[in-house]
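*Asks:* Input file: start-v6.cif. Contents: mmCIF, C-alpha atoms (C1' of nucleotides).
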```cif
data_model
loop_
_atom_site.label_atom_id
_atom_site.label_comp_id
_atom_site.auth_asym_id
_atom_site.auth_seq_id
_atom_site.Cartn_x
_atom_site.Cartn_y
_atom_site.Cartn_z
CA MET A 1 0.00 0.00 0.00
CA PRO A 2 1.58 3.25 -1.04
CA ASN A 3 0.41 5.28 1.95
CA GLY A 4 3.28 7.48 3.04
CA MET A 5 5.62 5.87 0.55
CA TYR A 6 6.01 8.83 -1.76
CA GLY A 7 6.91 11.77 0.38
CA ARG A 8 3.52 13.14 1.33
CA ARG A 9 0.03 12.12 2.22
CA ARG A 10 -2.04 11.15 -0.73
CA CYS A 11 -5.80 10.69 -1.25
CA CYS A 12 -7.31 8.70 1.60
CA GLU A 13 -4.47 8.98 4.10
CA ALA A 14 -5.37 11.06 7.17
CA ALA A 15 -3.06 12.10 10.01
CA ASP A 16 -4.44 9.49 12.41
CA GLY A 17 -4.32 6.69 9.86
CA THR A 18 -8.08 6.69 9.33
CA GLN A 19 -9.54 7.05 5.88
CA ARG A 20 -12.93 8.55 6.75
CA GLN A 21 -12.28 12.22 6.08
CA VAL A 22 -12.03 13.74 2.67
CA GLY A 23 -10.74 16.91 1.14
CA ARG A 24 -7.18 18.17 1.43
CA GLY A 25 -6.19 16.60 -1.80
CA ARG A 26 -8.55 13.68 -1.56
CA TRP A 27 -10.73 14.90 -4.38
CA ALA A 28 -7.90 15.27 -6.86
CA LEU A 29 -8.75 14.09 -10.34
CA VAL A 30 -5.93 15.62 -12.33
CA GLU A 31 -3.16 13.60 -10.67
CA PRO A 32 -4.76 10.17 -11.20
CA LEU A 33 -5.88 11.06 -14.71
CA VAL A 34 -2.36 12.20 -15.58
CA LEU A 35 -1.01 8.88 -14.36
CA ALA A 36 -3.75 7.01 -16.24
CA GLY A 37 -3.04 8.93 -19.43
CA LEU A 38 0.65 8.11 -19.19
CA ALA A 39 -0.06 4.47 -18.28
CA SER A 40 -1.45 3.80 -21.75
CA SER A 41 1.34 5.65 -23.56
CA SER A 42 4.11 8.19 -23.00
CA ARG A 43 2.95 11.67 -23.97
CA HIS A 44 3.83 15.32 -23.77
CA GLY A 45 1.80 17.68 -21.62
CA TYR A 46 -0.34 19.31 -24.25
CA GLU A 47 -1.30 15.96 -25.70
CA LEU A 48 -2.01 14.66 -22.20
CA ALA A 49 -4.55 17.43 -21.63
CA GLN A 50 -6.47 16.27 -24.69
CA THR A 51 -6.17 12.64 -23.58
CA ILE A 52 -7.69 13.50 -20.21
CA GLU A 53 -10.58 15.30 -21.87
CA GLU A 54 -11.21 12.22 -24.00
CA MET A 55 -10.89 9.88 -21.02
CA THR A 56 -13.61 11.78 -19.19
CA GLY A 57 -15.85 12.00 -22.23
CA GLY A 58 -15.28 15.73 -22.48
CA LEU A 59 -16.63 16.25 -18.96
CA LEU A 60 -13.35 17.54 -17.57
CA GLY A 61 -11.34 20.41 -19.06
CA VAL A 62 -7.81 20.62 -17.69
CA ASP A 63 -6.00 23.87 -16.92
CA LEU A 64 -2.67 23.62 -18.72
CA GLY A 65 -0.76 25.62 -16.14
CA GLY A 66 -1.85 23.31 -13.38
CA LEU A 67 -1.19 20.29 -15.53
CA TYR A 68 2.46 21.21 -16.12
CA ARG A 69 2.91 21.93 -12.43
CA THR A 70 1.42 18.53 -11.58
CA LEU A 71 3.73 16.81 -14.07
CA ARG A 72 6.83 18.39 -12.58
CA ARG A 73 5.72 17.53 -9.07
CA LEU A 74 5.06 13.92 -10.07
CA GLU A 75 8.50 13.78 -11.63
CA ALA A 76 10.08 15.12 -8.43
CA GLU A 77 8.27 12.34 -6.58
CA GLY A 78 9.50 9.71 -9.01
CA LEU A 79 6.09 8.74 -10.36
CA VAL A 80 6.87 9.94 -13.88
CA VAL A 81 10.05 10.65 -15.84
CA SER A 82 10.53 13.03 -18.74
CA GLU A 83 12.94 13.95 -21.49
CA TRP A 84 13.06 16.69 -24.09
CA GLU A 85 12.18 15.42 -27.52
CA GLN A 86 14.75 16.09 -30.20
CA ALA A 87 12.76 17.49 -33.11
CA ASP A 88 14.01 19.40 -36.16
CA ALA A 89 10.84 21.48 -36.31
CA GLY A 90 8.11 22.75 -34.00
CA PRO A 91 8.21 23.98 -30.42
CA GLN A 92 10.18 22.07 -27.82
CA ARG A 93 8.24 19.19 -26.30
CA ARG A 94 8.86 17.30 -23.10
CA ARG A 95 7.75 13.70 -23.23
CA TYR A 96 6.58 12.07 -20.01
CA SER A 97 6.47 8.37 -19.09
CA ILE A 98 5.05 6.68 -16.01
CA THR A 99 7.30 4.70 -13.65
CA ALA A 100 6.56 1.50 -11.75
CA ASP A 101 5.99 3.61 -8.66
CA GLY A 102 3.56 5.69 -10.69
CA VAL A 103 1.60 2.60 -11.66
CA ALA A 104 1.43 1.53 -8.00
CA VAL A 105 0.11 4.95 -6.98
CA LEU A 106 -2.36 4.90 -9.86
CA GLN A 107 -3.82 1.62 -8.70
CA HIS A 108 -4.17 3.06 -5.23
CA TRP A 109 -5.90 6.13 -6.68
CA ARG A 110 -8.28 3.85 -8.53
CA GLU A 111 -9.65 2.45 -5.28
CA HIS A 112 -9.93 5.89 -3.78
CA LEU A 113 -11.77 7.30 -6.79
CA ALA A 114 -14.20 4.39 -6.74
CA ALA A 115 -14.88 5.20 -3.08
CA SER A 116 -15.38 8.86 -3.99
CA ARG A 117 -17.79 7.87 -6.73
CA ASP A 118 -19.81 5.87 -4.21
CA LEU A 119 -19.68 8.72 -1.72
CA PHE A 120 -21.02 11.21 -4.27
CA ALA A 121 -23.72 8.73 -5.23
CA ARG A 122 -24.77 8.46 -1.58
CA ALA A 123 -24.77 12.24 -1.26
CA VAL A 124 -27.06 12.58 -4.27
CA ASP A 125 -29.41 9.98 -2.84
CA ALA A 126 -29.40 11.73 0.53
CA ILE A 127 -30.27 15.05 -1.11
CA ASP A 128 -33.08 13.42 -3.09
CA ALA A 129 -34.50 11.99 0.10
CA ALA A 130 -34.18 15.28 1.97
CA VAL A 131 -35.65 17.42 -0.81
CA ALA A 132 -38.53 14.98 -1.26
CA GLY A 133 -39.34 15.52 2.42
CA VAL A 134 -39.19 19.29 2.06
CA CYS A 135 -41.39 19.35 -1.03
CA GLY A 136 -43.94 17.13 0.66
CA ALA A 137 -44.16 19.44 3.68
CA ASP A 138 -46.39 22.49 3.86
CA ARG A 139 -44.15 25.55 3.84
CA GLN A 140 -44.55 29.12 2.59
CA ASP A 141 -42.17 31.14 4.72
CA GLY A 142 -38.86 29.84 3.41
CA ARG A 143 -38.00 27.95 6.56
CA SER A 144 -38.21 24.26 7.29
CA SER A 145 -40.12 23.04 10.32
CA MET B 1 -30.74 28.99 -11.70
CA PRO B 2 -28.81 30.10 -8.64
CA ASN B 3 -25.54 30.83 -10.46
CA GLY B 4 -24.18 34.10 -9.15
CA MET B 5 -27.28 34.72 -7.10
CA TYR B 6 -25.74 34.27 -3.70
CA GLY B 7 -22.68 36.50 -3.62
CA ARG B 8 -20.03 34.19 -4.98
CA ARG B 9 -19.42 31.49 -7.50
CA ARG B 10 -20.70 28.12 -6.45
CA CYS B 11 -20.01 24.60 -7.69
CA CYS B 12 -20.09 24.46 -11.49
CA GLU B 13 -19.87 28.16 -12.17
CA ALA B 14 -16.64 29.14 -13.96
CA ALA B 15 -15.44 32.65 -14.80
CA ASP B 16 -16.36 32.33 -18.47
CA GLY B 17 -19.73 30.76 -17.78
CA THR B 18 -18.63 27.29 -18.85
CA GLN B 19 -19.06 24.33 -16.56
CA ARG B 20 -16.29 22.09 -17.77
CA GLN B 21 -13.60 22.73 -15.20
CA VAL B 22 -13.70 21.50 -11.67
CA GLY B 23 -12.01 22.20 -8.38
CA ARG B 24 -11.95 25.52 -6.57
CA GLY B 25 -14.87 24.61 -4.43
CA ARG B 26 -16.56 22.47 -7.01
CA TRP B 27 -15.93 19.26 -5.10
CA ALA B 28 -17.50 20.51 -1.91
CA LEU B 29 -19.51 17.90 -0.10
CA VAL B 30 -19.93 19.53 3.30
CA GLU B 31 -21.97 22.48 2.06
CA PRO B 32 -24.56 20.43 0.15
CA LEU B 33 -24.74 17.82 2.90
CA VAL B 34 -25.30 20.54 5.48
CA LEU B 35 -28.14 21.91 3.40
CA ALA B 36 -29.53 18.40 2.89
CA GLY B 37 -29.32 17.66 6.60
CA LEU B 38 -31.19 20.85 7.42
CA ALA B 39 -33.74 20.26 4.66
CA SER B 40 -35.16 17.26 6.48
CA SER B 41 -35.22 19.00 9.87
CA SER B 42 -33.73 21.96 11.75
CA ARG B 43 -30.72 20.88 13.78
CA HIS B 44 -27.80 22.19 15.77
CA GLY B 45 -24.26 21.79 14.49
CA TYR B 46 -23.12 18.84 16.54
CA GLU B 47 -26.24 16.88 15.65
CA LEU B 48 -25.79 17.84 12.00
CA ALA B 49 -22.32 16.29 11.94
CA GLN B 50 -23.83 12.99 13.02
CA THR B 51 -26.63 13.34 10.48
CA ILE B 52 -24.10 13.83 7.69
CA GLU B 53 -22.21 10.73 8.77
CA GLU B 54 -25.44 8.76 8.68
CA MET B 55 -26.45 10.23 5.31
CA THR B 56 -23.19 9.02 3.78
CA GLY B 57 -23.40 5.61 5.41
CA GLY B 58 -20.46 6.43 7.68
CA LEU B 59 -18.24 7.09 4.68
CA LEU B 60 -17.71 10.76 5.48
CA GLY B 61 -16.47 12.09 8.81
CA VAL B 62 -16.98 15.84 9.23
CA ASP B 63 -14.52 18.17 10.91
CA LEU B 64 -16.52 20.12 13.48
CA GLY B 65 -14.45 23.27 13.16
CA GLY B 66 -15.04 23.42 9.46
CA LEU B 67 -18.69 22.56 9.90
CA TYR B 68 -19.35 25.51 12.22
CA ARG B 69 -17.51 27.82 9.87
CA THR B 70 -19.60 26.56 6.96
CA LEU B 71 -22.80 27.09 8.92
CA ARG B 72 -21.96 30.69 9.76
CA ARG B 73 -20.99 31.38 6.15
CA LEU B 74 -24.24 29.89 4.88
CA GLU B 75 -26.11 32.06 7.36
CA ALA B 76 -24.29 35.16 6.13
CA GLU B 77 -25.35 34.17 2.61
CA GLY B 78 -28.96 33.72 3.67
CA LEU B 79 -29.15 30.01 2.94
CA VAL B 80 -29.71 29.06 6.58
CA VAL B 81 -30.92 30.91 9.66
CA SER B 82 -30.14 30.17 13.31
CA GLU B 83 -31.21 31.00 16.82
CA TRP B 84 -29.86 30.14 20.24
CA GLU B 85 -31.96 27.53 21.96
CA GLN B 86 -33.32 28.52 25.36
CA ALA B 87 -32.57 25.49 27.53
CA ASP B 88 -32.52 25.29 31.31
CA ALA B 89 -29.69 22.75 31.26
CA GLY B 90 -26.80 21.69 29.06
CA PRO B 91 -24.37 23.63 26.92
CA GLN B 92 -25.67 26.41 24.69
CA ARG B 93 -26.92 25.18 21.35
CA ARG B 94 -27.55 27.10 18.18
CA ARG B 95 -30.32 25.62 16.05
CA TYR B 96 -30.10 26.03 12.30
CA SER B 97 -32.89 25.95 9.71
CA ILE B 98 -32.71 26.05 5.94
CA THR B 99 -34.28 28.93 3.98
CA ALA B 100 -36.08 28.85 0.63
CA ASP B 101 -32.88 30.15 -0.96
CA GLY B 102 -31.04 27.30 0.73
CA VAL B 103 -33.40 24.75 -0.81
CA ALA B 104 -32.86 26.30 -4.25
CA VAL B 105 -29.10 26.09 -3.86
CA LEU B 106 -29.39 22.53 -2.57
CA GLN B 107 -31.28 21.46 -5.67
CA HIS B 108 -28.60 23.05 -7.80
CA TRP B 109 -25.93 21.22 -5.82
CA ARG B 110 -27.79 17.97 -6.41
CA GLU B 111 -27.31 18.25 -10.17
CA HIS B 112 -23.68 19.16 -9.75
CA LEU B 113 -23.00 16.25 -7.40
CA ALA B 114 -24.67 13.84 -9.81
CA ALA B 115 -22.36 15.14 -12.54
CA SER B 116 -19.37 14.70 -10.21
CA ARG B 117 -20.45 11.15 -9.45
CA ASP B 118 -20.54 10.41 -13.18
CA LEU B 119 -17.18 12.07 -13.68
CA PHE B 120 -15.56 9.95 -10.96
CA ALA B 121 -17.17 6.85 -12.50
CA ARG B 122 -15.64 7.74 -15.86
CA ALA B 123 -12.26 8.32 -14.25
CA VAL B 124 -12.35 4.91 -12.59
CA ASP B 125 -13.25 3.27 -15.90
CA ALA B 126 -10.47 5.15 -17.65
CA ILE B 127 -7.94 3.98 -15.06
CA ASP B 128 -9.14 0.41 -15.39
CA ALA B 129 -8.67 0.57 -19.14
CA ALA B 130 -5.23 2.17 -18.85
CA VAL B 131 -3.96 -0.22 -16.17
CA ALA B 132 -5.22 -3.21 -18.13
CA GLY B 133 -3.07 -2.03 -21.03
CA VAL B 134 -0.03 -1.63 -18.81
CA CYS B 135 -0.40 -5.05 -17.22
CA GLY B 136 -0.78 -6.64 -20.63
CA ALA B 137 2.44 -5.05 -21.89
CA ASP B 138 5.91 -6.53 -21.43
CA ARG B 139 7.76 -4.31 -18.97
CA GLN B 140 10.49 -4.92 -16.41
CA ASP B 141 12.29 -1.58 -16.10
CA GLY B 142 9.60 0.47 -14.37
CA ARG B 143 8.80 2.56 -17.44
CA SER B 144 5.94 2.23 -19.84
CA SER B 145 6.59 1.82 -23.54
"C1'" DT C 1 -11.93 14.85 41.14
"C1'" DC C 2 -11.38 13.65 36.83
"C1'" DA C 3 -12.25 11.45 32.40
"C1'" DG C 4 -15.23 11.65 28.61
"C1'" DG C 5 -19.15 13.16 25.93
"C1'" DT C 6 -21.69 17.31 24.24
"C1'" DA C 7 -21.39 21.83 22.02
"C1'" DT C 8 -19.37 25.90 19.79
"C1'" DA C 9 -15.55 28.24 18.04
"C1'" DT C 10 -10.76 30.30 16.25
"C1'" DG C 11 -6.03 30.15 14.16
"C1'" DA C 12 -2.57 28.20 11.24
"C1'" DC C 13 -1.96 25.50 7.52
"C1'" DT C 14 -2.27 22.57 3.12
"C1'" DA C 15 -3.96 20.67 -1.35
"C1'" DC C 16 -5.98 21.51 -5.41
"C1'" DA C 17 -7.59 24.22 -8.77
"C1'" DT C 18 -8.49 28.84 -11.29
"C1'" DC C 19 -7.24 32.78 -13.81
"C1'" DA C 20 -4.17 35.91 -15.93
"C1'" DC C 21 -0.19 36.26 -18.17
"C1'" DA C 22 4.50 35.34 -20.51
"C1'" DT C 23 7.23 33.10 -23.94
"C1'" DA C 24 8.08 31.01 -28.45
"C1'" DG C 25 7.71 28.38 -32.90
"C1'" DA C 26 4.58 27.19 -36.71
"C1'" DT C 27 0.72 27.96 -40.00
"C1'" DG C 28 -2.34 30.30 -42.80
"C1'" DA C 29 -5.16 34.30 -44.12
"C1'" DA C 30 -5.92 39.12 -45.27
"C1'" DT D 1 4.00 41.44 -43.99
"C1'" DT D 2 1.35 41.67 -40.43
"C1'" DC D 3 -1.91 39.40 -37.68
"C1'" DA D 4 -4.56 35.81 -35.68
"C1'" DT D 5 -4.49 31.22 -34.17
"C1'" DC D 6 -2.79 26.85 -32.83
"C1'" DT D 7 0.78 24.24 -30.51
"C1'" DA D 8 3.69 23.92 -26.42
"C1'" DT D 9 5.62 25.03 -21.89
"C1'" DG D 10 5.66 27.65 -18.02
"C1'" DT D 11 5.08 31.34 -13.67
"C1'" DG D 12 2.56 34.30 -10.33
"C1'" DA D 13 -1.35 35.60 -7.68
"C1'" DT D 14 -5.48 34.09 -5.80
"C1'" DG D 15 -9.43 31.39 -3.86
"C1'" DT D 16 -12.06 27.41 -1.88
"C1'" DA D 17 -12.46 23.67 0.92
"C1'" DG D 18 -10.86 20.92 4.24
"C1'" DT D 19 -7.37 19.42 8.18
"C1'" DC D 20 -5.36 19.76 12.54
"C1'" DA D 21 -4.51 21.76 16.93
"C1'" DT D 22 -6.45 24.08 20.41
"C1'" DA D 23 -9.67 26.74 23.48
"C1'" DT D 24 -13.84 27.31 26.09
"C1'" DA D 25 -17.70 25.54 28.80
"C1'" DC D 26 -21.45 22.43 30.48
"C1'" DC D 27 -22.84 17.87 31.93
"C1'" DT D 28 -22.65 12.86 33.48
"C1'" DG D 29 -20.84 9.08 35.73
"C1'" DA D 30 -17.03 6.47 37.82
#
```
Output the file's structure in the form of structure tokens.

*Replies:*
Amino acid sequence: MPNGMYGRRRCCEAADGTQRQVGRGRWALVEPLVLAGLASSSRHGYELAQTIEEMTGGLLGVDLGGLYRTLRRLEAEGLVVSEWEQADAGPQRRRYSITADGVAVLQHWREHLAASRDLFARAVDAIDAAVAGVCGADRQDGRSS
Amino acid sequence: MPNGMYGRRRCCEAADGTQRQVGRGRWALVEPLVLAGLASSSRHGYELAQTIEEMTGGLLGVDLGGLYRTLRRLEAEGLVVSEWEQADAGPQRRRYSITADGVAVLQHWREHLAASRDLFARAVDAIDAAVAGVCGADRQDGRSS
DNA sequence: TCAGGTATATGACTACATCACATAGATGAA
DNA sequence: TTCATCTATGTGATGTAGTCATATACCTGA
């Protein structure tokens, strides 16, 4: 289990070892999607942004500035490696590849994201139940009973 | 549509009016769950924390400090109202109720959370597909092809 | 008396993302 | 030839949400 293995707390890891609280980096989608995009093939950043959009069915647009920052952080942590492409034409491009450590972290992220998906599903259901109760009640003054 | 109606950007509202980027408050679970908890009944903060845990099937533990801050912010925005309970015994308790504006925002949150749930589901599927490709490949050196 | 549960609250901090902006090469149109 | 646009990488300032530590105070029971 990669908890604590890569220099900082990641996704589900809380200070007391529990995994019940969220936030503080536990919602991150860009990091796991970067790793997933690089798991299928090495890519440069700009291409990776398009890959992520495709992976999410166009639901998620990635900020390029944040993406490049994430890539350099992941490289500092050893989860990806990069090299400048030698090209005779076009702007300089840095090509990123995932490492074995990156794959391990990605698989850990996968479990966390599935848990997040379930958590959001439960939240939606809870709201549906609560709003159904409100709509069934008799209220005109903008306050619940 | 409550976009921009309540003094600040909320969930899916981006600067350019698009809804494709996430983060910056767009993952929030505590705010909608607070509103959902108050939609079914007026409660005080401590009780609300337990309600939220129950609503999420124990998956989400709420930080009380953050919860009280959220409640006072929502009150400043007019989405909830509160009053001190007059009790002859026990610690002082502030009882919160949701307003009509709060219900409107909650219903907006519901759609956003459903979209987030779908987005996380897509991310999980994308990771599964990417990792399957990696595991099928022939690698020993810790780098993908 | 003292631990532990109930109840509210503030301060310092972190993670993640947004937005604006800078740089630079390539391409194609007016 | 200038100008817009796309490709490509990057920095700086800012904001939101949540974490963690800590403080106060009341109450119950051992």

*Asks:* Apply the PyMOL selection byres ((chain C and resi 7) around 10) to the structure shown and report the selected residues as a PyMOL selection string.

*Replies:* (chain B and resi 44-47+64+90-94) or (chain C and resi 5-6+8-9) or (chain D and resi 25-26)

*Asks:* Tell me as an MDAnalysis selection string which residues belonging to chain A come within 8 Å of chain B, counting all atoms listed in the file.

*Replies:* chainID A and resid 20:22 27 29 32:33 36:42 55:63 97:101 103 106:107 110 113:114 116:124 126:128 130:131 133:134 141:145

*Asks:* For the file shown, what are the residues hit by the PyMOL selection byres ((chain C and resi 18) around 8), laid out as a ChimeraX atom specification?

*Replies:* /A:63 /B:24 /C:17,19 /D:15

*Asks:* Applied to this file, what does the PyMOL selection byres ((chain C) within 7 of (chain A)) return in terms of residues, put as a PyMOL selection string?

*Replies:* chain C and resi 14-16+25-26

*Asks:* For the atom pair atom CA of A:Trp84 and atom CA of A:Arg43, what is the interatomic distance in Å to one decimal place?

*Replies:* 11.3 Å

*Asks:* Distance atom C1' of D:DT14-atom CA of A:Ala49, one decimal place?

*Replies:* 23.0 Å

*Asks:* Write down, as a list in words, each residue of chain D that has any atom within 12 Å of an atom of chain B, counting all atoms listed in the file.

*Replies:*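 Therefore, the residues near the partner are DT14, DG15, DT16, DA17, DG18, DT19, DC20, DA21, DT22, DA23, DT24, DA25, DC26, DC27 and DT28 of chain D.
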
*Asks:* Please produce a file of those selected residues containing C-alpha atoms (C1' of nucleotides), as a PDB file, in the coordinates of the input.

*Replies:*
```pdb
ATOM      1  C1'  DT D  14      -5.480  34.090  -5.800  1.00  0.00           C
ATOM      2  C1'  DG D  15      -9.430  31.390  -3.860  1.00  0.00           C
ATOM      3  C1'  DT D  16     -12.060  27.410  -1.880  1.00  0.00           C
ATOM      4  C1'  DA D  17     -12.460  23.670   0.920  1.00  0.00           C
ATOM      5  C1'  DG D  18     -10.860  20.920   4.240  1.00  0.00           C
ATOM      6  C1'  DT D  19      -7.370  19.420   8.180  1.00  0.00           C
ATOM      7  C1'  DC D  20      -5.360  19.760  12.540  1.00  0.00           C
ATOM      8  C1'  DA D  21      -4.510  21.760  16.930  1.00  0.00           C
ATOM      9  C1'  DT D  22      -6.450  24.080  20.410  1.00  0.00           C
ATOM     10  C1'  DA D  23      -9.670  26.740  23.480  1.00  0.00           C
ATOM     11  C1'  DT D  24     -13.840  27.310  26.090  1.00  0.00           C
ATOM     12  C1'  DA D  25     -17.700  25.540  28.800  1.00  0.00           C
ATOM     13  C1'  DC D  26     -21.450  22.430  30.480  1.00  0.00           C
ATOM     14  C1'  DC D  27     -22.840  17.870  31.930  1.00  0.00           C
ATOM     15  C1'  DT D  28     -22.650  12.860  33.480  1.00  0.00           C
TER      16       DT D  28
END
```

*Asks:* For D:DG10, list every protein, DNA or RNA residue within 9 Å, evaluated using only C-alpha atoms (C1' of nucleotides), and leave out those in the same chain fewer than 6 positions away; present the list as a list in words.

*Replies:* Gly65, Tyr68 and Arg69 of chain A; DA22 and DT23 of chain C

*Asks:* Rounded to one decimal in Å, what is the spacing between atom C1' of C:DT27 and atom C1' of D:DT5?

*Replies:*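 Taking atom C1' of C:DT27 as the start and atom C1' of D:DT5 as the end point, the length is 8.5 Å.
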
*Asks:* Using only C-alpha atoms (C1' of nucleotides), find all polymer residues with an atom at most 12 Å away from the point (-13.9, 8.0, 44.3); report them as a ChimeraX atom specification.

*Replies:* /C:1-2 /D:29-30

*Asks:* Can you tell me which residues surround D:DT2 at a distance of at most 12 Å, considering only C-alpha atoms (C1' of nucleotides), apart from same-chain residues fewer than 2 positions away, and format the answer as a ChimeraX atom specification?

*Replies:* /C:29-30 /D:4

*Asks:* All heavy atoms are needed for stretch 69-76 of chain B; please write them out as a compact mmCIF listing (two decimals), in the frame of the given file.

*Replies:*
```
# COMPACT_ATOMS: atom_id res chain seq x y z
N ARG B 69 -17.85 26.71 10.78
CA ARG B 69 -17.51 27.82 9.87
C ARG B 69 -18.44 27.83 8.67
O ARG B 69 -18.90 28.89 8.24
CB ARG B 69 -16.05 27.68 9.41
CG ARG B 69 -15.13 28.71 10.04
CD ARG B 69 -13.79 28.71 9.34
NE ARG B 69 -12.98 27.57 9.79
CZ ARG B 69 -11.95 27.68 10.63
NH1 ARG B 69 -11.61 28.86 11.09
NH2 ARG B 69 -11.28 26.63 11.00
N THR B 70 -18.70 26.66 8.11
CA THR B 70 -19.60 26.56 6.96
C THR B 70 -20.99 27.06 7.32
O THR B 70 -21.61 27.81 6.57
CB THR B 70 -19.67 25.10 6.48
OG1 THR B 70 -18.37 24.69 6.05
CG2 THR B 70 -20.66 24.95 5.33
N LEU B 71 -21.45 26.67 8.50
CA LEU B 71 -22.80 27.09 8.92
C LEU B 71 -22.90 28.61 9.03
O LEU B 71 -23.87 29.21 8.57
CB LEU B 71 -23.14 26.43 10.26
CG LEU B 71 -23.59 24.98 10.19
CD1 LEU B 71 -23.62 24.33 11.57
CD2 LEU B 71 -24.97 24.88 9.53
N ARG B 72 -21.87 29.23 9.61
CA ARG B 72 -21.96 30.69 9.76
C ARG B 72 -21.86 31.38 8.41
O ARG B 72 -22.48 32.41 8.17
CB ARG B 72 -20.89 31.19 10.72
CG ARG B 72 -21.43 31.24 12.16
CD ARG B 72 -20.37 31.57 13.16
NE ARG B 72 -19.42 30.47 13.26
CZ ARG B 72 -18.14 30.56 13.03
NH1 ARG B 72 -17.62 31.72 12.67
NH2 ARG B 72 -17.36 29.50 13.15
N ARG B 73 -21.06 30.81 7.49
CA ARG B 73 -20.99 31.38 6.15
C ARG B 73 -22.33 31.26 5.42
O ARG B 73 -22.81 32.22 4.82
CB ARG B 73 -19.89 30.68 5.33
CG ARG B 73 -19.79 31.18 3.89
CD ARG B 73 -18.60 30.61 3.15
NE ARG B 73 -18.57 29.16 3.10
CZ ARG B 73 -19.37 28.42 2.34
NH1 ARG B 73 -20.28 28.99 1.59
NH2 ARG B 73 -19.26 27.11 2.35
N LEU B 74 -22.94 30.09 5.52
CA LEU B 74 -24.24 29.89 4.88
C LEU B 74 -25.29 30.83 5.46
O LEU B 74 -26.16 31.32 4.75
CB LEU B 74 -24.68 28.43 5.04
CG LEU B 74 -23.87 27.39 4.28
CD1 LEU B 74 -24.36 25.98 4.58
CD2 LEU B 74 -23.89 27.65 2.78
N GLU B 75 -25.15 31.12 6.76
CA GLU B 75 -26.11 32.06 7.36
C GLU B 75 -25.87 33.47 6.82
O GLU B 75 -26.82 34.18 6.49
CB GLU B 75 -25.96 32.05 8.89
CG GLU B 75 -26.97 32.97 9.55
CD GLU B 75 -27.17 32.66 11.02
OE1 GLU B 75 -26.22 32.18 11.67
OE2 GLU B 75 -28.29 32.89 11.53
N ALA B 76 -24.60 33.83 6.67
CA ALA B 76 -24.29 35.16 6.13
C ALA B 76 -24.81 35.29 4.69
O ALA B 76 -25.15 36.38 4.24
CB ALA B 76 -22.77 35.40 6.17
```
